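For reference, the structure discussed in these notes is given below.
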Amino acid sequence: MAFKTLFALTALLGVVNAAVVRRATCPSGQTVNNAACCVLFDVMDDIQTNLFDNGECGEDVHESLRLTFHDAIGFSASMGPSAGGGADGSIIIFNDTEVNFHANLGIDEIVNEQAPFIARHNITPGDFIQFAGAVGVSNCPGAPRLQFLLGRPAATGPAFDGSVPEPFDTVDSILSRFADAGFSTDEVVALLASHTVAAADHVDPTIPGTPFDSTPFTFDTQFFVETQLRGTLFPGDGPNQGEVESPLHGEIRLQSDSELARDSRTACLWQANVLNQQHMVSSFQAAMSKLAVVGQDTSKMVDCSDVIPVPPALPNGDVSFFPAGFTNADVEQACTTTPFPTLQTQPGPVTSVSPVPPS
């Protein structure tokens, strides 16, 4: 009798599980876990072709990833709803207000580029911003496959001025702002992995497209290596506000990145990413999943992560290195508990990093 009861329960669980995992076939032939996600394939095809230059990890991907953060961080536990609704698309809906914030300098370009895509697809600005960011990151070799939940309602008001940390802010100020938005110190460092595929246009306007590391088209750990090298030069007409010396011609270093790499609260978290691609991408993936739904009721959203493409692998595997001409002697050791890893130095003379070309 007991065996029959167990068998019946097992059979029932099998039926339930089969119902849970049943997939929907979209009109265009793809299969997804939820039919509501089918509409996203047309959106993805459009942005891959017409925004991301046929699937490149270029400037518009970098800017779209930046926009995910600048929109979502508009939230404050201490100030309440008047501070902003988090990842709600307010930076596009209320662009006349938010793009004028000093911290959002230059973000009007990607806001204006994304607006026509939103207009021709049945998708809210909040959903589009996070979807475009996740799809764009999938073009970058080495990146994680980011989660995407569908169902953000339209923003009802703008975020507050001061919601986005500035590169000249102190570490205390940056960590405090993130904490007020619900993020730990570990998650702050994890999110800054985004700078491995980033460049600055306006920190030094004389050299637009200047990257933060020597490999701005791959999602690798070089950003965390090179920010710990001793700075010796300014790549343009620096020093500018929010800029400190960098180690390479053609590479710009933000003051905030430099100080976070050397602060006692964050230095070991920073160094932990060096020579550990899996740690970096898994930490970034988890932190981005949290960022993308700040202020949202996820119980009312649909998980459409299976629409996001699987990113290509790193072409040379998980290898951190010193740029040519640099060794461990050039590292400004800040983590007091773990030695900096021993890395190979690239052969050849010291070279300049090329700017990221405009899309």
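By order of appearance in the structure tokens: chains A, B, ..., then residues from 1 within every chain, and ligands from 1 in the order shown.
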Next item on the list: For Met79 of chain A, work out the shell of residues within 12 Å, counting only C-alpha atoms and skipping chain neighbours fewer than 3 positions away, then give it as an NGL selection string.
Entry: :A and (74-76 or 82-85 or 159-160 or 163 or 177 or 180-181)
Based on the selection just made, write all heavy atoms of those residues as a PDB file, in the first residue's frame.
```pdb
ATOM      1  N   GLY A  74      18.157  55.205  -9.617  1.00  0.00           N
ATOM      2  CA  GLY A  74      17.260  56.273  -9.176  1.00  0.00           C
ATOM      3  C   GLY A  74      16.234  55.770  -8.177  1.00  0.00           C
ATOM      4  O   GLY A  74      15.034  55.702  -8.465  1.00  0.00           O
ATOM      5  N   PHE A  75      16.695  55.433  -6.993  1.00  0.00           N
ATOM      6  CA  PHE A  75      15.863  54.842  -5.953  1.00  0.00           C
ATOM      7  C   PHE A  75      16.527  55.125  -4.612  1.00  0.00           C
ATOM      8  O   PHE A  75      17.747  55.109  -4.506  1.00  0.00           O
ATOM      9  CB  PHE A  75      15.754  53.322  -6.172  1.00  0.00           C
ATOM     10  CG  PHE A  75      14.930  52.592  -5.157  1.00  0.00           C
ATOM     11  CD1 PHE A  75      13.564  52.453  -5.336  1.00  0.00           C
ATOM     12  CD2 PHE A  75      15.517  52.039  -4.021  1.00  0.00           C
ATOM     13  CE1 PHE A  75      12.794  51.771  -4.384  1.00  0.00           C
ATOM     14  CE2 PHE A  75      14.758  51.361  -3.081  1.00  0.00           C
ATOM     15  CZ  PHE A  75      13.391  51.231  -3.262  1.00  0.00           C
ATOM     16  N   SER A  76      15.713  55.385  -3.589  1.00  0.00           N
ATOM     17  CA  SER A  76      16.274  55.659  -2.262  1.00  0.00           C
ATOM     18  C   SER A  76      15.360  55.107  -1.186  1.00  0.00           C
ATOM     19  O   SER A  76      14.191  55.500  -1.083  1.00  0.00           O
ATOM     20  CB  SER A  76      16.455  57.171  -2.058  1.00  0.00           C
ATOM     21  OG  SER A  76      16.752  57.473  -0.705  1.00  0.00           O
ATOM     22  N   SER A  82       9.325  59.444  -3.607  1.00  0.00           N
ATOM     23  CA  SER A  82       9.589  60.703  -4.296  1.00  0.00           C
ATOM     24  C   SER A  82      10.981  60.750  -4.909  1.00  0.00           C
ATOM     25  O   SER A  82      11.258  61.576  -5.782  1.00  0.00           O
ATOM     26  CB  SER A  82       9.431  61.882  -3.326  1.00  0.00           C
ATOM     27  OG  SER A  82      10.404  61.819  -2.291  1.00  0.00           O
ATOM     28  N   ALA A  83      11.879  59.847  -4.474  1.00  0.00           N
ATOM     29  CA  ALA A  83      13.256  59.835  -4.981  1.00  0.00           C
ATOM     30  C   ALA A  83      13.358  59.187  -6.347  1.00  0.00           C
ATOM     31  O   ALA A  83      14.346  59.377  -7.057  1.00  0.00           O
ATOM     32  CB  ALA A  83      14.163  59.112  -3.999  1.00  0.00           C
ATOM     33  N   GLY A  84      12.348  58.396  -6.730  1.00  0.00           N
ATOM     34  CA  GLY A  84      12.389  57.697  -8.007  1.00  0.00           C
ATOM     35  C   GLY A  84      11.978  56.251  -7.848  1.00  0.00           C
ATOM     36  O   GLY A  84      11.990  55.708  -6.744  1.00  0.00           O
ATOM     37  N   GLY A  85      11.634  55.632  -8.964  1.00  0.00           N
ATOM     38  CA  GLY A  85      11.116  54.271  -8.942  1.00  0.00           C
ATOM     39  C   GLY A  85      12.104  53.218  -9.346  1.00  0.00           C
ATOM     40  O   GLY A  85      11.712  52.090  -9.669  1.00  0.00           O
ATOM     41  N   ALA A 159      13.761  60.496 -11.272  1.00  0.00           N
ATOM     42  CA  ALA A 159      14.653  60.239 -10.143  1.00  0.00           C
ATOM     43  C   ALA A 159      15.198  61.563  -9.629  1.00  0.00           C
ATOM     44  O   ALA A 159      15.122  62.601 -10.297  1.00  0.00           O
ATOM     45  CB  ALA A 159      15.789  59.334 -10.581  1.00  0.00           C
ATOM     46  N   PHE A 160      15.756  61.535  -8.438  1.00  0.00           N
ATOM     47  CA  PHE A 160      16.285  62.760  -7.850  1.00  0.00           C
ATOM     48  C   PHE A 160      17.698  63.044  -8.337  1.00  0.00           C
ATOM     49  O   PHE A 160      18.462  62.114  -8.640  1.00  0.00           O
ATOM     50  CB  PHE A 160      16.249  62.693  -6.323  1.00  0.00           C
ATOM     51  CG  PHE A 160      17.239  61.750  -5.692  1.00  0.00           C
ATOM     52  CD1 PHE A 160      18.436  62.224  -5.155  1.00  0.00           C
ATOM     53  CD2 PHE A 160      16.972  60.387  -5.617  1.00  0.00           C
ATOM     54  CE1 PHE A 160      19.347  61.359  -4.558  1.00  0.00           C
ATOM     55  CE2 PHE A 160      17.868  59.509  -5.015  1.00  0.00           C
ATOM     56  CZ  PHE A 160      19.059  59.992  -4.488  1.00  0.00           C
ATOM     57  N   SER A 163      21.218  60.928  -7.520  1.00  0.00           N
ATOM     58  CA  SER A 163      21.045  59.473  -7.399  1.00  0.00           C
ATOM     59  C   SER A 163      22.211  58.706  -8.000  1.00  0.00           C
ATOM     60  O   SER A 163      22.519  57.591  -7.558  1.00  0.00           O
ATOM     61  CB  SER A 163      19.738  59.037  -8.064  1.00  0.00           C
ATOM     62  OG  SER A 163      19.718  59.377  -9.444  1.00  0.00           O
ATOM     63  N   ARG A 177      25.657  55.870  -1.044  1.00  0.00           N
ATOM     64  CA  ARG A 177      24.602  55.998  -2.066  1.00  0.00           C
ATOM     65  C   ARG A 177      24.114  54.628  -2.510  1.00  0.00           C
ATOM     66  O   ARG A 177      22.917  54.374  -2.651  1.00  0.00           O
ATOM     67  CB  ARG A 177      25.156  56.799  -3.268  1.00  0.00           C
ATOM     68  CG  ARG A 177      24.235  56.838  -4.508  1.00  0.00           C
ATOM     69  CD  ARG A 177      23.103  57.830  -4.348  1.00  0.00           C
ATOM     70  NE  ARG A 177      21.981  57.271  -3.660  1.00  0.00           N
ATOM     71  CZ  ARG A 177      20.964  56.585  -4.216  1.00  0.00           C
ATOM     72  NH1 ARG A 177      20.950  56.370  -5.518  1.00  0.00           N
ATOM     73  NH2 ARG A 177      19.980  56.150  -3.493  1.00  0.00           N
ATOM     74  N   ASP A 180      21.972  52.969   0.197  1.00  0.00           N
ATOM     75  CA  ASP A 180      20.632  53.543   0.253  1.00  0.00           C
ATOM     76  C   ASP A 180      19.739  52.989  -0.852  1.00  0.00           C
ATOM     77  O   ASP A 180      18.512  52.997  -0.734  1.00  0.00           O
ATOM     78  CB  ASP A 180      20.718  55.068   0.155  1.00  0.00           C
ATOM     79  CG  ASP A 180      19.388  55.749   0.431  1.00  0.00           C
ATOM     80  OD1 ASP A 180      18.631  55.264   1.290  1.00  0.00           O
ATOM     81  OD2 ASP A 180      19.097  56.768  -0.229  1.00  0.00           O
ATOM     82  N   ALA A 181      20.372  52.504  -1.927  1.00  0.00           N
ATOM     83  CA  ALA A 181      19.616  51.871  -3.019  1.00  0.00           C
ATOM     84  C   ALA A 181      19.528  50.359  -2.842  1.00  0.00           C
ATOM     85  O   ALA A 181      18.951  49.668  -3.684  1.00  0.00           O
ATOM     86  CB  ALA A 181      20.258  52.204  -4.362  1.00  0.00           C
TER      87      ALA A 181
END
```
Kindly assemble as a Markdown table a list of the segment 77-153 of chain A residues that lie within 12 Å of segment 200-208 of chain A, each paired with its nearest atom pair and their distance in Å to one decimal, using only C-alpha atoms, sorted first by chain and then by ascending residue number.
```
| residue | atom | partner | partner_atom | distance |
| --- | --- | --- | --- | --- |
| A:His102 | CA | A:His202 | CA | 10.9 |
| A:Ala103 | CA | A:His202 | CA | 10.6 |
| A:Asn104 | CA | A:His202 | CA | 10.2 |
| A:Leu105 | CA | A:His202 | CA | 7.2 |
| A:Gly106 | CA | A:His202 | CA | 6.9 |
| A:Ile107 | CA | A:Asp201 | CA | 10.1 |
| A:Glu109 | CA | A:Asp201 | CA | 11.1 |
```
Show me, as a compact mmCIF listing (two decimals) with N, CA, C and O atoms, in the first residue's frame, the residues that have an atom within 12 Å of Ser184 of chain A when counting only C-alpha atoms, minus same-chain residues fewer than 6 positions from it.
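Resulting contents of selection.txt:
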```txt
# COMPACT_ATOMS: atom_id res chain seq x y z
N ILE A 174 30.14 57.10 -2.21
CA ILE A 174 29.70 56.09 -3.19
C ILE A 174 29.06 54.90 -2.49
O ILE A 174 27.97 54.45 -2.86
N LEU A 175 29.72 54.39 -1.47
CA LEU A 175 29.18 53.23 -0.75
C LEU A 175 27.87 53.58 -0.05
O LEU A 175 26.95 52.75 0.01
N SER A 176 27.76 54.79 0.46
CA SER A 176 26.54 55.23 1.12
C SER A 176 25.38 55.33 0.13
O SER A 176 24.26 54.91 0.43
N ARG A 177 25.66 55.87 -1.04
CA ARG A 177 24.60 56.00 -2.07
C ARG A 177 24.11 54.63 -2.51
O ARG A 177 22.92 54.37 -2.65
N PHE A 178 25.04 53.72 -2.74
CA PHE A 178 24.65 52.36 -3.13
C PHE A 178 23.87 51.67 -2.02
O PHE A 178 22.89 50.96 -2.28
N ALA A 190 31.23 44.37 -7.73
CA ALA A 190 30.74 43.46 -8.78
C ALA A 190 30.18 44.24 -9.96
O ALA A 190 30.45 43.93 -11.12
N LEU A 191 29.39 45.27 -9.69
CA LEU A 191 28.78 46.06 -10.76
C LEU A 191 29.82 46.81 -11.58
O LEU A 191 29.62 47.05 -12.78
N ARG A 265 38.23 48.82 2.47
CA ARG A 265 36.95 48.10 2.45
C ARG A 265 36.70 47.35 1.14
O ARG A 265 35.89 46.43 1.10
N THR A 266 37.39 47.76 0.10
CA THR A 266 37.09 47.22 -1.23
C THR A 266 38.30 46.63 -1.96
O THR A 266 38.13 45.95 -2.97
N LEU A 269 38.27 42.83 -2.41
CA LEU A 269 37.18 42.48 -3.31
C LEU A 269 37.57 42.77 -4.75
O LEU A 269 37.27 42.00 -5.67
N ALA A 287 24.68 40.68 -9.35
CA ALA A 287 24.43 42.08 -9.02
C ALA A 287 23.56 42.77 -10.07
O ALA A 287 22.70 43.60 -9.74
N LYS A 290 19.90 41.97 -9.67
CA LYS A 290 19.31 42.79 -8.61
C LYS A 290 19.10 44.22 -9.09
O LYS A 290 18.03 44.82 -8.85
N LEU A 291 20.08 44.78 -9.78
CA LEU A 291 19.98 46.15 -10.27
C LEU A 291 18.80 46.32 -11.23
O LEU A 291 18.07 47.31 -11.19
```
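Among the candidates A:Glu63, A:Glu245, A:Asp237, A:Glu187, the one nearest to Gly136 of chain A when counting only C-alpha atoms is A:Glu63.
For the pair atom CA of Ser90 of chain A and atom CA of Phe131 of chain A, the separation is 15.1 Å.
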Next item on the list: Have a look at atom CA of Pro355 of chain A and atom CA of Gly209 of chain A and let me know their distance in Å, one decimal.
Entry: 5.1 Å
Checklist line | Nearest candidate to Asp71 of chain A (options A:Gly250, A:Gly58, A:Gly295, A:Gly317; using only C-alpha atoms) | finding: A:Gly295
